[in-house]
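**Q** Pasting in a structure now, in structure tokens, and then I'll have a few things to ask.
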Amino acid sequence: MTALTSGPRPALADPAPERPSGRFARLLRGREDDPRWIRPALLVLLAGTAALYLWDLGSSGWANSFYSAAVQAGTESWKAFFFGSSDAANFITVDKTPAALWVMELSARIFGVNAWSILVPQALEGVAGVGLLYLAVRRWSGPVAGLIAGAVLALTPVATLMFRFNNPDALLVLLLIGAVYATMRAIEAAAVRAGTRWLALAGVLIGFGFLTKMLQAFVVVPVLAIVYLVVAPTSVRRRLFQLVVAFVALIAAAGWWVLIAELWPASSRPYIGGSQTNSVLDLVLGYNGLGRLSGDEAGSVTPGGGGAGSWGETGLLRLFNSEFGTQASWLIPAALVLLVAVLGFTARAPRTDRTRAAMLLWGGWLVLTGLIFSFMQGIIHPYYTVALAPAIGAVVGIGAVSVWTLRGEDAARAVLAVAMGATAVWAFVLLGRADWQPWLRWVVLVGGLGVAAGLAFTPRLARRVAIAMAAAALLLGVAAPAAYAVQTASQPHSGAIPSAGPSGGFAGFGGRQAGGPGGTGTRGGMPGGGQPGQLAGGNGNQLPGGNANPLPGGNGNQQQWPGGSRGNGFGGQPGGPSMGGGNLLTGSTPSAELTALLTADASDYTWVAATVGSNAASGYQLATGDPVMALGGFNGTDPTPTLAAFQQYVSEGRIHYFVSGGGGFGNRGGEGTSSQITQWVEENFTATTVGGVTVYDLTRPSAGTTGS
């Protein structure tokens, strides 16, 4: 069989003759050795990606108000900016390292705090990611492979979702693509000083990835290190030395902020949200780090701190199930087929073969990240799969073009046919899970299988017909995810757990889509797919607030949550806030009356209000522009403040109101500090209802009480 060779793959047409010079002409023309259509195609890809990601972006409002409130805080206080505080008074941080916030906060400082200034940087990171992926793939595999890779990334539904949203994943994906690109450049220049610098840059980018989303950035490190050690064209001693330099650069880039946060006196910095000991290291090793793998996450949103099985069944098929499948798995079957095929075709190639090296880099990213997502037992949401999208695109682009060059061989044609057929069948299955545009699944299935059959006979077709067949394969391959991507961009998304596709903008607690593919038709599905009011997989293990154990304020017959009026959602109507009070997964939406109350005399107080949980606090803070204390952090389970500390704040007149009905888990059971504070406030202050929300004025104790 003909072996694949290293170097850029040829384009699908002969190079164009020399064209006129000039800066604008060069921009449109591209490289001299490229066919005339390559650069216009790239510009169309980038412009189309920008349009898709920016289209009606403001309709999502604050999107994830948890992070938007932190952005607002960072525009008011440089300390809040540095630490990633949820409020400008620096009570507590978000439960992530703050690099993603820095980008949005700089934008908001320039353009003001609004939906566009927060979300546009995310969209531009997505466009940059598509462009950088094109450059990386094109470098060793040619422009056509680069265009395919970029298009697959741009049109992956979960990528469209997350590049229009303000979670940290957008910046993380861009940094990881940059790290792979830098590693490729290091491999090229391994024998000279430039190789060391490029590999150190890869380490720096991953380090800043850690400052974006902690240990998830490190998942690709073993892949990059092993591939470099195996394929770099220099001595083993030099390769080992360069990897040590890269590791030092990674630690420095990731560790400087951690070191400062750990050494900074705790009394003069915000509490580290998500930790149980006010420590970044606790956050890294527990709730936001290794605990995600084991399920042992103190302070988790699942009762009892999580544990194995709390977030659904694990296994090789997890990424293809009803919760995850439509987010990013559309082209995974084709990617795996092409990955195995190219590695087989290059089995006898030299150690430094770049086609194989490229597939090992991107394929290793896909396989290792996919396996971790499939078997991790801690908190996981379907939108995490955006981290797979660049690798899927690269493997499909490199694999399709590489195998296409061998289409004279029976095995290569079989690979192309199988990859196309698998894509068509899997798209048919995924589209069948939603009652949406049913005609599309038949077009993709029939057309895809027809093209797969045609690919098996390409040597008998005229060259132009064969190229048309290849183009049809690409169009049909991305048709289904592209339709989902466009639909995703056409609707607003908000809350803590967004979901791509036509099933709505909210994935349930643990990932179940509300009324969508595989969903139950009710909001707020439990981790692992249990019914509302039940633990994962359980029929009788009800969450607090179920029929047998109503929460404070519940009636014993409905599955209520703090501040909620009904139990299908976390604190209110299914999937939404209750009476403007917010819940665990969505921000509060205060009425004009309540907003006016909170802003009155706001300058006299450090915090205009306190409430349980960061999402509940976020809406009040964004509405007023003033700090709101989020008791217990995101979940309401962080042990801060203590009851004594809260009482001290009240006695000093630093908090004006306590807003009841926060959405944290800290209210449950009467044991956590948030629950203790809530009980103390209810016993010592008078409740009033403002805009449908229960409010306590902490400057006016009830008659007969001391308020302390």
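Here, A, B, ... name the chains of the structure tokens in the order displayed, residue numbers run from 1 inside each chain, and ligands are numbered from 1 in the same displayed order.
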What's around range 122-125 of chain A at 7 Å? Count only C-alpha atoms, leave out sequence neighbours fewer than 6 positions away in its own chain, and write the answer as a PyMOL selection string.

**A** chain A and resi 53-54+163-166+170-171+174

**Q** For the residues in the current selection, export N, CA, C and O atoms as a PDB file, in the first residue's frame.

**A**
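Below is the file selection-v2.pdb, written as the result:
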```
ATOM      1  N   TYR A  53     -21.476  33.724  15.778  1.00  0.00           N
ATOM      2  CA  TYR A  53     -21.231  33.906  17.204  1.00  0.00           C
ATOM      3  C   TYR A  53     -21.702  35.269  17.721  1.00  0.00           C
ATOM      4  O   TYR A  53     -21.950  35.421  18.926  1.00  0.00           O
ATOM      5  N   LEU A  54     -21.804  36.266  16.846  1.00  0.00           N
ATOM      6  CA  LEU A  54     -22.209  37.601  17.280  1.00  0.00           C
ATOM      7  C   LEU A  54     -23.683  37.900  17.037  1.00  0.00           C
ATOM      8  O   LEU A  54     -24.213  38.859  17.595  1.00  0.00           O
ATOM      9  N   PHE A 163     -19.122  29.842  22.838  1.00  0.00           N
ATOM     10  CA  PHE A 163     -18.493  31.067  22.351  1.00  0.00           C
ATOM     11  C   PHE A 163     -19.492  32.224  22.299  1.00  0.00           C
ATOM     12  O   PHE A 163     -19.133  33.336  21.919  1.00  0.00           O
ATOM     13  N   ARG A 164     -20.709  31.966  22.705  1.00  0.00           N
ATOM     14  CA  ARG A 164     -21.723  33.011  22.871  1.00  0.00           C
ATOM     15  C   ARG A 164     -22.131  33.132  24.345  1.00  0.00           C
ATOM     16  O   ARG A 164     -23.159  33.712  24.653  1.00  0.00           O
ATOM     17  N   PHE A 165     -21.323  32.585  25.230  1.00  0.00           N
ATOM     18  CA  PHE A 165     -21.674  32.509  26.641  1.00  0.00           C
ATOM     19  C   PHE A 165     -20.464  32.951  27.454  1.00  0.00           C
ATOM     20  O   PHE A 165     -19.342  33.006  26.943  1.00  0.00           O
ATOM     21  N   ASN A 166     -20.650  33.255  28.725  1.00  0.00           N
ATOM     22  CA  ASN A 166     -19.569  33.828  29.513  1.00  0.00           C
ATOM     23  C   ASN A 166     -18.993  32.887  30.557  1.00  0.00           C
ATOM     24  O   ASN A 166     -18.469  33.318  31.578  1.00  0.00           O
ATOM     25  N   ALA A 170     -14.535  29.246  26.793  1.00  0.00           N
ATOM     26  CA  ALA A 170     -14.111  29.861  25.538  1.00  0.00           C
ATOM     27  C   ALA A 170     -12.622  30.169  25.553  1.00  0.00           C
ATOM     28  O   ALA A 170     -11.885  29.817  24.619  1.00  0.00           O
ATOM     29  N   LEU A 171     -12.152  30.821  26.596  1.00  0.00           N
ATOM     30  CA  LEU A 171     -10.728  31.140  26.685  1.00  0.00           C
ATOM     31  C   LEU A 171      -9.895  29.876  26.825  1.00  0.00           C
ATOM     32  O   LEU A 171      -8.804  29.772  26.241  1.00  0.00           O
ATOM     33  N   LEU A 174      -9.304  28.306  23.379  1.00  0.00           N
ATOM     34  CA  LEU A 174      -8.345  29.089  22.600  1.00  0.00           C
ATOM     35  C   LEU A 174      -6.916  28.846  23.078  1.00  0.00           C
ATOM     36  O   LEU A 174      -5.993  28.662  22.263  1.00  0.00           O
TER      37      LEU A 174
END
```

**Q** Quick one: everything within 12 Å of Ala47 in chain A, counting only C-alpha atoms, minus sequence neighbours fewer than 4 positions away in the same chain. Send it as a PyMOL selection string.

**A** chain A and resi 40-43+51-55+123-124+126-128+130-131+151+154

**Q** Please produce an output containing all heavy atoms for each residue in the selection, written as a compact mmCIF listing (two decimals), in the first residue's frame.

**A**
```
# COMPACT_ATOMS: atom_id res chain seq x y z
N PRO A 40 -10.04 33.33 -0.10
CA PRO A 40 -11.44 33.74 0.04
C PRO A 40 -12.26 32.78 0.90
O PRO A 40 -13.12 33.21 1.67
CB PRO A 40 -11.95 33.78 -1.40
CG PRO A 40 -10.72 34.04 -2.21
CD PRO A 40 -9.62 33.30 -1.51
N ALA A 41 -11.97 31.48 0.77
CA ALA A 41 -12.70 30.50 1.59
C ALA A 41 -12.41 30.71 3.07
O ALA A 41 -13.31 30.62 3.92
CB ALA A 41 -12.34 29.09 1.17
N LEU A 42 -11.15 30.99 3.39
CA LEU A 42 -10.79 31.25 4.78
C LEU A 42 -11.49 32.50 5.30
O LEU A 42 -12.03 32.52 6.42
CB LEU A 42 -9.28 31.40 4.92
CG LEU A 42 -8.78 31.84 6.30
CD1 LEU A 42 -9.16 30.82 7.37
CD2 LEU A 42 -7.27 32.06 6.28
N LEU A 43 -11.49 33.56 4.50
CA LEU A 43 -12.15 34.79 4.92
C LEU A 43 -13.65 34.58 5.11
O LEU A 43 -14.25 35.12 6.05
CB LEU A 43 -11.89 35.90 3.91
CG LEU A 43 -10.41 36.34 3.76
CD1 LEU A 43 -10.28 37.39 2.67
CD2 LEU A 43 -9.86 36.85 5.09
N ALA A 51 -20.24 36.05 12.32
CA ALA A 51 -21.68 36.32 12.23
C ALA A 51 -22.47 35.35 13.09
O ALA A 51 -23.42 35.75 13.80
CB ALA A 51 -22.13 36.22 10.77
N LEU A 52 -22.10 34.08 13.07
CA LEU A 52 -22.81 33.07 13.86
C LEU A 52 -22.67 33.35 15.35
O LEU A 52 -23.63 33.22 16.11
CB LEU A 52 -22.26 31.68 13.52
CG LEU A 52 -22.89 30.49 14.24
CD1 LEU A 52 -24.36 30.34 13.87
CD2 LEU A 52 -22.12 29.21 13.95
N TYR A 53 -21.48 33.72 15.78
CA TYR A 53 -21.23 33.91 17.20
C TYR A 53 -21.70 35.27 17.72
O TYR A 53 -21.95 35.42 18.93
CB TYR A 53 -19.74 33.73 17.51
CG TYR A 53 -19.23 32.32 17.30
CD1 TYR A 53 -17.87 32.04 17.36
CD2 TYR A 53 -20.09 31.26 17.06
CE1 TYR A 53 -17.39 30.75 17.18
CE2 TYR A 53 -19.62 29.98 16.87
CZ TYR A 53 -18.26 29.72 16.93
OH TYR A 53 -17.79 28.45 16.75
N LEU A 54 -21.80 36.27 16.85
CA LEU A 54 -22.21 37.60 17.28
C LEU A 54 -23.68 37.90 17.04
O LEU A 54 -24.21 38.86 17.60
CB LEU A 54 -21.37 38.66 16.56
CG LEU A 54 -19.89 38.72 16.94
CD1 LEU A 54 -19.13 39.61 15.97
CD2 LEU A 54 -19.71 39.23 18.37
N TRP A 55 -24.34 37.09 16.24
CA TRP A 55 -25.72 37.32 15.84
C TRP A 55 -26.63 37.41 17.06
O TRP A 55 -26.75 36.47 17.85
CB TRP A 55 -26.14 36.18 14.91
CG TRP A 55 -27.58 36.16 14.52
CD1 TRP A 55 -28.46 37.19 14.45
CD2 TRP A 55 -28.32 34.99 14.12
NE1 TRP A 55 -29.69 36.76 14.04
CE2 TRP A 55 -29.62 35.40 13.82
CE3 TRP A 55 -27.98 33.64 13.97
CZ2 TRP A 55 -30.60 34.50 13.40
CZ3 TRP A 55 -28.96 32.76 13.55
CH2 TRP A 55 -30.25 33.19 13.27
N ALA A 123 -17.13 35.70 21.99
CA ALA A 123 -17.32 35.40 20.58
C ALA A 123 -16.03 35.60 19.79
O ALA A 123 -15.69 34.79 18.91
CB ALA A 123 -18.43 36.30 20.02
N LEU A 124 -15.29 36.65 20.10
CA LEU A 124 -14.04 36.90 19.39
C LEU A 124 -13.00 35.84 19.72
O LEU A 124 -12.17 35.48 18.86
CB LEU A 124 -13.51 38.29 19.74
CG LEU A 124 -14.40 39.46 19.29
CD1 LEU A 124 -13.76 40.79 19.66
CD2 LEU A 124 -14.68 39.39 17.79
N GLY A 126 -13.78 32.79 20.13
CA GLY A 126 -14.19 31.70 19.27
C GLY A 126 -13.69 31.88 17.84
O GLY A 126 -13.19 30.93 17.22
N VAL A 127 -13.82 33.09 17.30
CA VAL A 127 -13.33 33.36 15.94
C VAL A 127 -11.81 33.15 15.89
O VAL A 127 -11.28 32.55 14.95
CB VAL A 127 -13.70 34.78 15.50
CG1 VAL A 127 -13.12 35.08 14.12
CG2 VAL A 127 -15.22 34.95 15.48
N ALA A 128 -11.11 33.64 16.92
CA ALA A 128 -9.67 33.46 16.98
C ALA A 128 -9.31 31.98 17.06
O ALA A 128 -8.33 31.53 16.45
CB ALA A 128 -9.09 34.21 18.18
N VAL A 130 -11.00 29.44 15.80
CA VAL A 130 -11.19 28.86 14.46
C VAL A 130 -10.00 29.22 13.57
O VAL A 130 -9.45 28.37 12.86
CB VAL A 130 -12.52 29.33 13.85
CG1 VAL A 130 -12.61 28.94 12.38
CG2 VAL A 130 -13.69 28.74 14.63
N GLY A 131 -9.60 30.50 13.60
CA GLY A 131 -8.47 30.91 12.78
C GLY A 131 -7.18 30.23 13.18
O GLY A 131 -6.38 29.81 12.33
N ALA A 151 -13.96 24.71 10.04
CA ALA A 151 -15.41 24.66 9.85
C ALA A 151 -16.07 23.72 10.86
O ALA A 151 -17.14 24.02 11.40
CB ALA A 151 -15.74 24.23 8.43
N ALA A 154 -16.18 25.51 14.20
CA ALA A 154 -17.15 26.61 14.20
C ALA A 154 -18.58 26.12 14.27
O ALA A 154 -19.43 26.76 14.90
CB ALA A 154 -16.96 27.47 12.95
```

**Q** Which residue, A:Leu46, A:Ala424, A:Ala453, A:Pro492, has the smallest gap to Leu475 in chain A when you use only C-alpha atoms?

**A**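 Result for the nearest residue to Leu475 in chain A: A:Ala424.
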
**Q** Might you pull out every residue within 7 Å of range 79-91 of chain A, with only C-alpha atoms counted and same-chain residues fewer than 3 positions away left off, and present them as a PyMOL selection string?

**A** chain A and resi 69-70+73-74+76+94+98+101-102+269-271+606+627-629

**Q** Could you give me, as a VMD selection string, the residues within 12 Å of Val342 in chain A, counting only C-alpha atoms and dropping anything in the same chain fewer than 4 positions from it?

**A** chain A and resid 2 to 6 335 to 338 346 to 349 353 to 360 363 395 to 406 411 to 412 415 to 416

**Q** Can you write out the residues you just picked, keeping N, CA, C and O atoms, as a compact mmCIF listing (two decimals), in the first residue's frame?

**A**
```txt
# COMPACT_ATOMS: atom_id res chain seq x y z
N THR A 2 0.43 2.26 -0.70
CA THR A 2 1.15 3.52 -0.72
C THR A 2 1.11 4.16 0.65
O THR A 2 0.07 4.27 1.27
N ALA A 3 2.27 4.60 1.13
CA ALA A 3 2.33 5.22 2.46
C ALA A 3 2.08 6.71 2.35
O ALA A 3 2.40 7.34 1.34
N LEU A 4 1.53 7.26 3.41
CA LEU A 4 1.40 8.71 3.49
C LEU A 4 2.77 9.32 3.73
O LEU A 4 3.61 8.75 4.43
N THR A 5 3.01 10.48 3.19
CA THR A 5 4.28 11.15 3.37
C THR A 5 4.10 12.41 4.18
O THR A 5 3.02 12.97 4.25
N SER A 6 5.19 12.86 4.78
CA SER A 6 5.14 14.07 5.57
C SER A 6 5.01 15.29 4.69
O SER A 6 5.22 15.23 3.48
N ALA A 335 -14.11 10.72 13.15
CA ALA A 335 -12.77 11.07 13.62
C ALA A 335 -12.02 9.84 14.09
O ALA A 335 -10.81 9.69 13.78
N LEU A 336 -12.67 8.96 14.80
CA LEU A 336 -11.99 7.76 15.29
C LEU A 336 -11.61 6.83 14.13
O LEU A 336 -10.52 6.24 14.13
N VAL A 337 -12.50 6.70 13.16
CA VAL A 337 -12.18 5.88 11.98
C VAL A 337 -10.96 6.44 11.25
O VAL A 337 -10.02 5.71 10.91
N LEU A 338 -10.95 7.74 11.02
CA LEU A 338 -9.84 8.36 10.31
C LEU A 338 -8.55 8.33 11.12
O LEU A 338 -7.46 8.16 10.56
N THR A 346 0.54 5.19 8.31
CA THR A 346 1.86 5.77 8.59
C THR A 346 2.68 4.91 9.54
O THR A 346 3.68 5.37 10.09
N ALA A 347 2.28 3.66 9.74
CA ALA A 347 2.94 2.80 10.73
C ALA A 347 4.42 2.61 10.43
O ALA A 347 5.24 2.49 11.35
N ARG A 348 4.80 2.58 9.16
CA ARG A 348 6.20 2.35 8.79
C ARG A 348 6.93 3.64 8.43
O ARG A 348 8.05 3.60 7.93
N ALA A 349 6.31 4.76 8.65
CA ALA A 349 6.95 6.04 8.35
C ALA A 349 8.05 6.32 9.37
O ALA A 349 8.09 5.73 10.45
N ASP A 353 7.88 11.58 11.23
CA ASP A 353 6.82 11.85 10.25
C ASP A 353 5.78 12.81 10.81
O ASP A 353 5.21 12.58 11.90
N ARG A 354 5.51 13.89 10.10
CA ARG A 354 4.64 14.93 10.63
C ARG A 354 3.15 14.62 10.49
O ARG A 354 2.34 15.08 11.29
N THR A 355 2.79 13.86 9.48
CA THR A 355 1.38 13.47 9.37
C THR A 355 0.97 12.65 10.58
O THR A 355 -0.06 12.89 11.21
N ARG A 356 1.80 11.67 10.91
CA ARG A 356 1.51 10.86 12.09
C ARG A 356 1.59 11.69 13.37
O ARG A 356 0.76 11.55 14.28
N ALA A 357 2.59 12.57 13.44
CA ALA A 357 2.73 13.42 14.63
C ALA A 357 1.49 14.29 14.83
O ALA A 357 1.01 14.46 15.97
N ALA A 358 0.98 14.84 13.74
CA ALA A 358 -0.22 15.68 13.84
C ALA A 358 -1.40 14.88 14.36
O ALA A 358 -2.16 15.34 15.23
N MET A 359 -1.57 13.67 13.84
CA MET A 359 -2.69 12.85 14.30
C MET A 359 -2.52 12.40 15.74
O MET A 359 -3.49 12.27 16.48
N LEU A 360 -1.26 12.19 16.15
CA LEU A 360 -1.03 11.83 17.54
C LEU A 360 -1.34 13.00 18.47
O LEU A 360 -1.90 12.82 19.56
N GLY A 363 -5.31 13.66 17.87
CA GLY A 363 -6.02 12.44 18.25
C GLY A 363 -5.82 12.10 19.71
O GLY A 363 -6.75 11.62 20.38
N VAL A 395 -8.70 16.26 13.63
CA VAL A 395 -8.57 14.86 13.21
C VAL A 395 -9.38 14.61 11.94
O VAL A 395 -8.90 13.94 11.01
N VAL A 396 -10.58 15.16 11.86
CA VAL A 396 -11.39 14.97 10.65
C VAL A 396 -10.72 15.65 9.46
O VAL A 396 -10.64 15.07 8.37
N GLY A 397 -10.24 16.88 9.64
CA GLY A 397 -9.61 17.58 8.53
C GLY A 397 -8.35 16.89 8.05
O GLY A 397 -8.18 16.64 6.84
N ILE A 398 -7.45 16.57 8.96
CA ILE A 398 -6.19 15.91 8.58
C ILE A 398 -6.48 14.53 8.01
O ILE A 398 -5.93 14.12 6.98
N GLY A 399 -7.36 13.78 8.68
CA GLY A 399 -7.64 12.42 8.24
C GLY A 399 -8.30 12.37 6.88
O GLY A 399 -7.92 11.57 6.01
N ALA A 400 -9.29 13.24 6.66
CA ALA A 400 -10.01 13.21 5.38
C ALA A 400 -9.08 13.54 4.22
O ALA A 400 -9.09 12.84 3.18
N VAL A 401 -8.27 14.57 4.36
CA VAL A 401 -7.38 14.97 3.27
C VAL A 401 -6.27 13.94 3.07
O VAL A 401 -5.92 13.59 1.93
N SER A 402 -5.73 13.41 4.16
CA SER A 402 -4.66 12.42 4.04
C SER A 402 -5.14 11.15 3.37
O SER A 402 -4.47 10.61 2.47
N VAL A 403 -6.28 10.64 3.78
CA VAL A 403 -6.79 9.41 3.18
C VAL A 403 -7.25 9.67 1.75
O VAL A 403 -7.12 8.81 0.87
N TRP A 404 -7.74 10.88 1.46
CA TRP A 404 -8.15 11.22 0.10
C TRP A 404 -6.98 11.11 -0.88
O TRP A 404 -7.16 10.70 -2.03
N THR A 405 -5.79 11.46 -0.43
CA THR A 405 -4.63 11.37 -1.32
C THR A 405 -4.30 9.93 -1.67
O THR A 405 -3.57 9.68 -2.64
N LEU A 406 -4.81 8.97 -0.92
CA LEU A 406 -4.55 7.55 -1.18
C LEU A 406 -5.77 6.85 -1.77
O LEU A 406 -5.87 5.62 -1.72
N ALA A 411 -8.17 0.13 0.42
CA ALA A 411 -8.33 0.35 1.85
C ALA A 411 -8.68 1.81 2.14
O ALA A 411 -9.52 2.10 3.00
N ALA A 412 -8.05 2.73 1.43
CA ALA A 412 -8.33 4.15 1.65
C ALA A 412 -9.76 4.49 1.26
O ALA A 412 -10.45 5.23 1.98
N VAL A 415 -12.06 3.31 3.91
CA VAL A 415 -12.04 4.19 5.09
C VAL A 415 -12.94 5.40 4.85
O VAL A 415 -13.73 5.79 5.71
N LEU A 416 -12.80 6.02 3.69
CA LEU A 416 -13.64 7.19 3.37
C LEU A 416 -15.12 6.83 3.40
O LEU A 416 -15.95 7.57 3.94
```

**Q** If we count only C-alpha atoms, what is near Leu631 in chain A at a cut-off of 8 Å, once residues fewer than 5 positions away on the same chain are taken out, given as an MDAnalysis selection string?

**A** chainID A and resid 610:614 636 638 640:641 674

**Q** Residues within 9 Å of Arg413 in chain A, please, as a VMD selection string. Count only C-alpha atoms; anything in the same chain fewer than 4 positions from it doesn't count.

**A** chain A and resid 403 to 404 406 to 409 417 to 418 455 to 458

**Q** Can you write just those residues out, all heavy atoms, as an mmCIF file, in the first residue's frame?

**A**
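Saved as result.cif:
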```
data_model
loop_
_atom_site.group_PDB
_atom_site.id
_atom_site.type_symbol
_atom_site.label_atom_id
_atom_site.label_comp_id
_atom_site.auth_asym_id
_atom_site.auth_seq_id
_atom_site.Cartn_x
_atom_site.Cartn_y
_atom_site.Cartn_z
ATOM 1 N N VAL A 403 -6.282 10.640 3.785
ATOM 2 C CA VAL A 403 -6.793 9.409 3.178
ATOM 3 C C VAL A 403 -7.245 9.674 1.747
ATOM 4 O O VAL A 403 -7.115 8.806 0.869
ATOM 5 C CB VAL A 403 -7.942 8.839 4.034
ATOM 6 C CG1 VAL A 403 -8.545 7.600 3.376
ATOM 7 C CG2 VAL A 403 -7.440 8.485 5.433
ATOM 8 N N TRP A 404 -7.738 10.880 1.459
ATOM 9 C CA TRP A 404 -8.155 11.218 0.098
ATOM 10 C C TRP A 404 -6.984 11.107 -0.884
ATOM 11 O O TRP A 404 -7.164 10.705 -2.026
ATOM 12 C CB TRP A 404 -8.748 12.622 0.067
ATOM 13 C CG TRP A 404 -9.132 13.109 -1.292
ATOM 14 C CD1 TRP A 404 -8.412 13.930 -2.114
ATOM 15 C CD2 TRP A 404 -10.327 12.788 -2.012
ATOM 16 N NE1 TRP A 404 -9.076 14.159 -3.286
ATOM 17 C CE2 TRP A 404 -10.262 13.467 -3.248
ATOM 18 C CE3 TRP A 404 -11.437 12.007 -1.720
ATOM 19 C CZ2 TRP A 404 -11.280 13.381 -4.198
ATOM 20 C CZ3 TRP A 404 -12.450 11.922 -2.672
ATOM 21 C CH2 TRP A 404 -12.365 12.602 -3.889
ATOM 22 N N LEU A 406 -4.811 8.968 -0.923
ATOM 23 C CA LEU A 406 -4.553 7.547 -1.181
ATOM 24 C C LEU A 406 -5.771 6.853 -1.767
ATOM 25 O O LEU A 406 -5.870 5.623 -1.722
ATOM 26 C CB LEU A 406 -4.159 6.848 0.128
ATOM 27 C CG LEU A 406 -2.923 7.366 0.853
ATOM 28 C CD1 LEU A 406 -2.713 6.594 2.145
ATOM 29 C CD2 LEU A 406 -1.693 7.272 -0.029
ATOM 30 N N ARG A 407 -6.710 7.618 -2.324
ATOM 31 C CA ARG A 407 -7.970 7.023 -2.752
ATOM 32 C C ARG A 407 -7.813 6.019 -3.883
ATOM 33 O O ARG A 407 -8.769 5.313 -4.221
ATOM 34 C CB ARG A 407 -8.943 8.116 -3.176
ATOM 35 C CG ARG A 407 -8.504 8.964 -4.346
ATOM 36 C CD ARG A 407 -9.437 10.152 -4.514
ATOM 37 N NE ARG A 407 -9.070 11.014 -5.647
ATOM 38 C CZ ARG A 407 -8.122 11.927 -5.621
ATOM 39 N NH1 ARG A 407 -7.424 12.107 -4.506
ATOM 40 N NH2 ARG A 407 -7.854 12.654 -6.687
ATOM 41 N N GLY A 408 -6.627 5.921 -4.469
ATOM 42 C CA GLY A 408 -6.388 4.870 -5.450
ATOM 43 C C GLY A 408 -6.285 3.497 -4.825
ATOM 44 O O GLY A 408 -6.364 2.484 -5.526
ATOM 45 N N GLU A 409 -6.105 3.445 -3.507
ATOM 46 C CA GLU A 409 -6.012 2.176 -2.791
ATOM 47 C C GLU A 409 -7.393 1.756 -2.281
ATOM 48 O O GLU A 409 -8.183 2.586 -1.823
ATOM 49 C CB GLU A 409 -5.060 2.313 -1.600
ATOM 50 C CG GLU A 409 -3.659 2.784 -1.960
ATOM 51 C CD GLU A 409 -2.865 1.675 -2.633
ATOM 52 O OE1 GLU A 409 -3.286 0.493 -2.543
ATOM 53 O OE2 GLU A 409 -1.832 1.987 -3.255
ATOM 54 N N ALA A 417 -15.448 5.685 2.824
ATOM 55 C CA ALA A 417 -16.851 5.268 2.782
ATOM 56 C C ALA A 417 -17.387 4.975 4.179
ATOM 57 O O ALA A 417 -18.506 5.374 4.531
ATOM 58 C CB ALA A 417 -16.995 4.039 1.883
ATOM 59 N N VAL A 418 -16.594 4.291 4.992
ATOM 60 C CA VAL A 418 -17.034 3.957 6.351
ATOM 61 C C VAL A 418 -17.202 5.226 7.190
ATOM 62 O O VAL A 418 -18.182 5.377 7.933
ATOM 63 C CB VAL A 418 -16.042 2.987 7.020
ATOM 64 C CG1 VAL A 418 -16.354 2.841 8.504
ATOM 65 C CG2 VAL A 418 -16.086 1.632 6.332
ATOM 66 N N LEU A 455 -17.993 7.312 -2.824
ATOM 67 C CA LEU A 455 -16.582 7.415 -2.451
ATOM 68 C C LEU A 455 -15.852 6.089 -2.644
ATOM 69 O O LEU A 455 -14.637 6.074 -2.864
ATOM 70 C CB LEU A 455 -16.457 7.866 -0.996
ATOM 71 C CG LEU A 455 -16.862 9.315 -0.703
ATOM 72 C CD1 LEU A 455 -16.871 9.568 0.800
ATOM 73 C CD2 LEU A 455 -15.912 10.281 -1.402
ATOM 74 N N ALA A 456 -16.582 5.007 -2.533
ATOM 75 C CA ALA A 456 -15.948 3.703 -2.718
ATOM 76 C C ALA A 456 -15.544 3.455 -4.158
ATOM 77 O O ALA A 456 -14.764 2.534 -4.441
ATOM 78 C CB ALA A 456 -16.897 2.602 -2.250
ATOM 79 N N PHE A 457 -16.065 4.294 -5.084
ATOM 80 C CA PHE A 457 -15.772 4.075 -6.504
ATOM 81 C C PHE A 457 -15.140 5.300 -7.150
ATOM 82 O O PHE A 457 -15.262 5.499 -8.357
ATOM 83 C CB PHE A 457 -17.062 3.710 -7.248
ATOM 84 C CG PHE A 457 -17.711 2.449 -6.750
ATOM 85 C CD1 PHE A 457 -18.774 2.511 -5.856
ATOM 86 C CD2 PHE A 457 -17.249 1.205 -7.144
ATOM 87 C CE1 PHE A 457 -19.379 1.363 -5.377
ATOM 88 C CE2 PHE A 457 -17.845 0.045 -6.673
ATOM 89 C CZ PHE A 457 -18.912 0.119 -5.791
ATOM 90 N N THR A 458 -14.469 6.121 -6.370
ATOM 91 C CA THR A 458 -13.907 7.362 -6.914
ATOM 92 C C THR A 458 -12.922 7.163 -8.062
ATOM 93 O O THR A 458 -12.865 8.007 -8.965
ATOM 94 C CB THR A 458 -13.232 8.176 -5.797
ATOM 95 O OG1 THR A 458 -12.345 7.336 -5.052
ATOM 96 C CG2 THR A 458 -14.270 8.778 -4.870
#
```

**Q** Between CA of Leu698 in chain A and CA of Thr678 in chain A, what is the distance, to one decimal in Å?

**A**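 Rounded to one decimal, the two atoms are 11.9 Å apart.
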
**Q** Taking only C-alpha atoms into account, which of A:Gln327, A:Arg351, A:Tyr287, A:Thr637 comes nearest Thr160 in chain A?

**A**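 Comparing A:Gln327, A:Arg351, A:Tyr287, A:Thr637 against Thr160 in chain A, the winner is A:Gln327.
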
**Q** Tell me which protein, DNA and RNA residues are within 12 Å of Gly325 in chain A, counting only C-alpha atoms, leaving out same-chain ones fewer than 6 positions away, and put them as a VMD selection string.

**A** chain A and resid 156 to 158 317 to 319 331 to 333 374 381 to 383 385 to 386 426 to 427 429 to 434 481 499 to 501 511 to 513 516 to 518
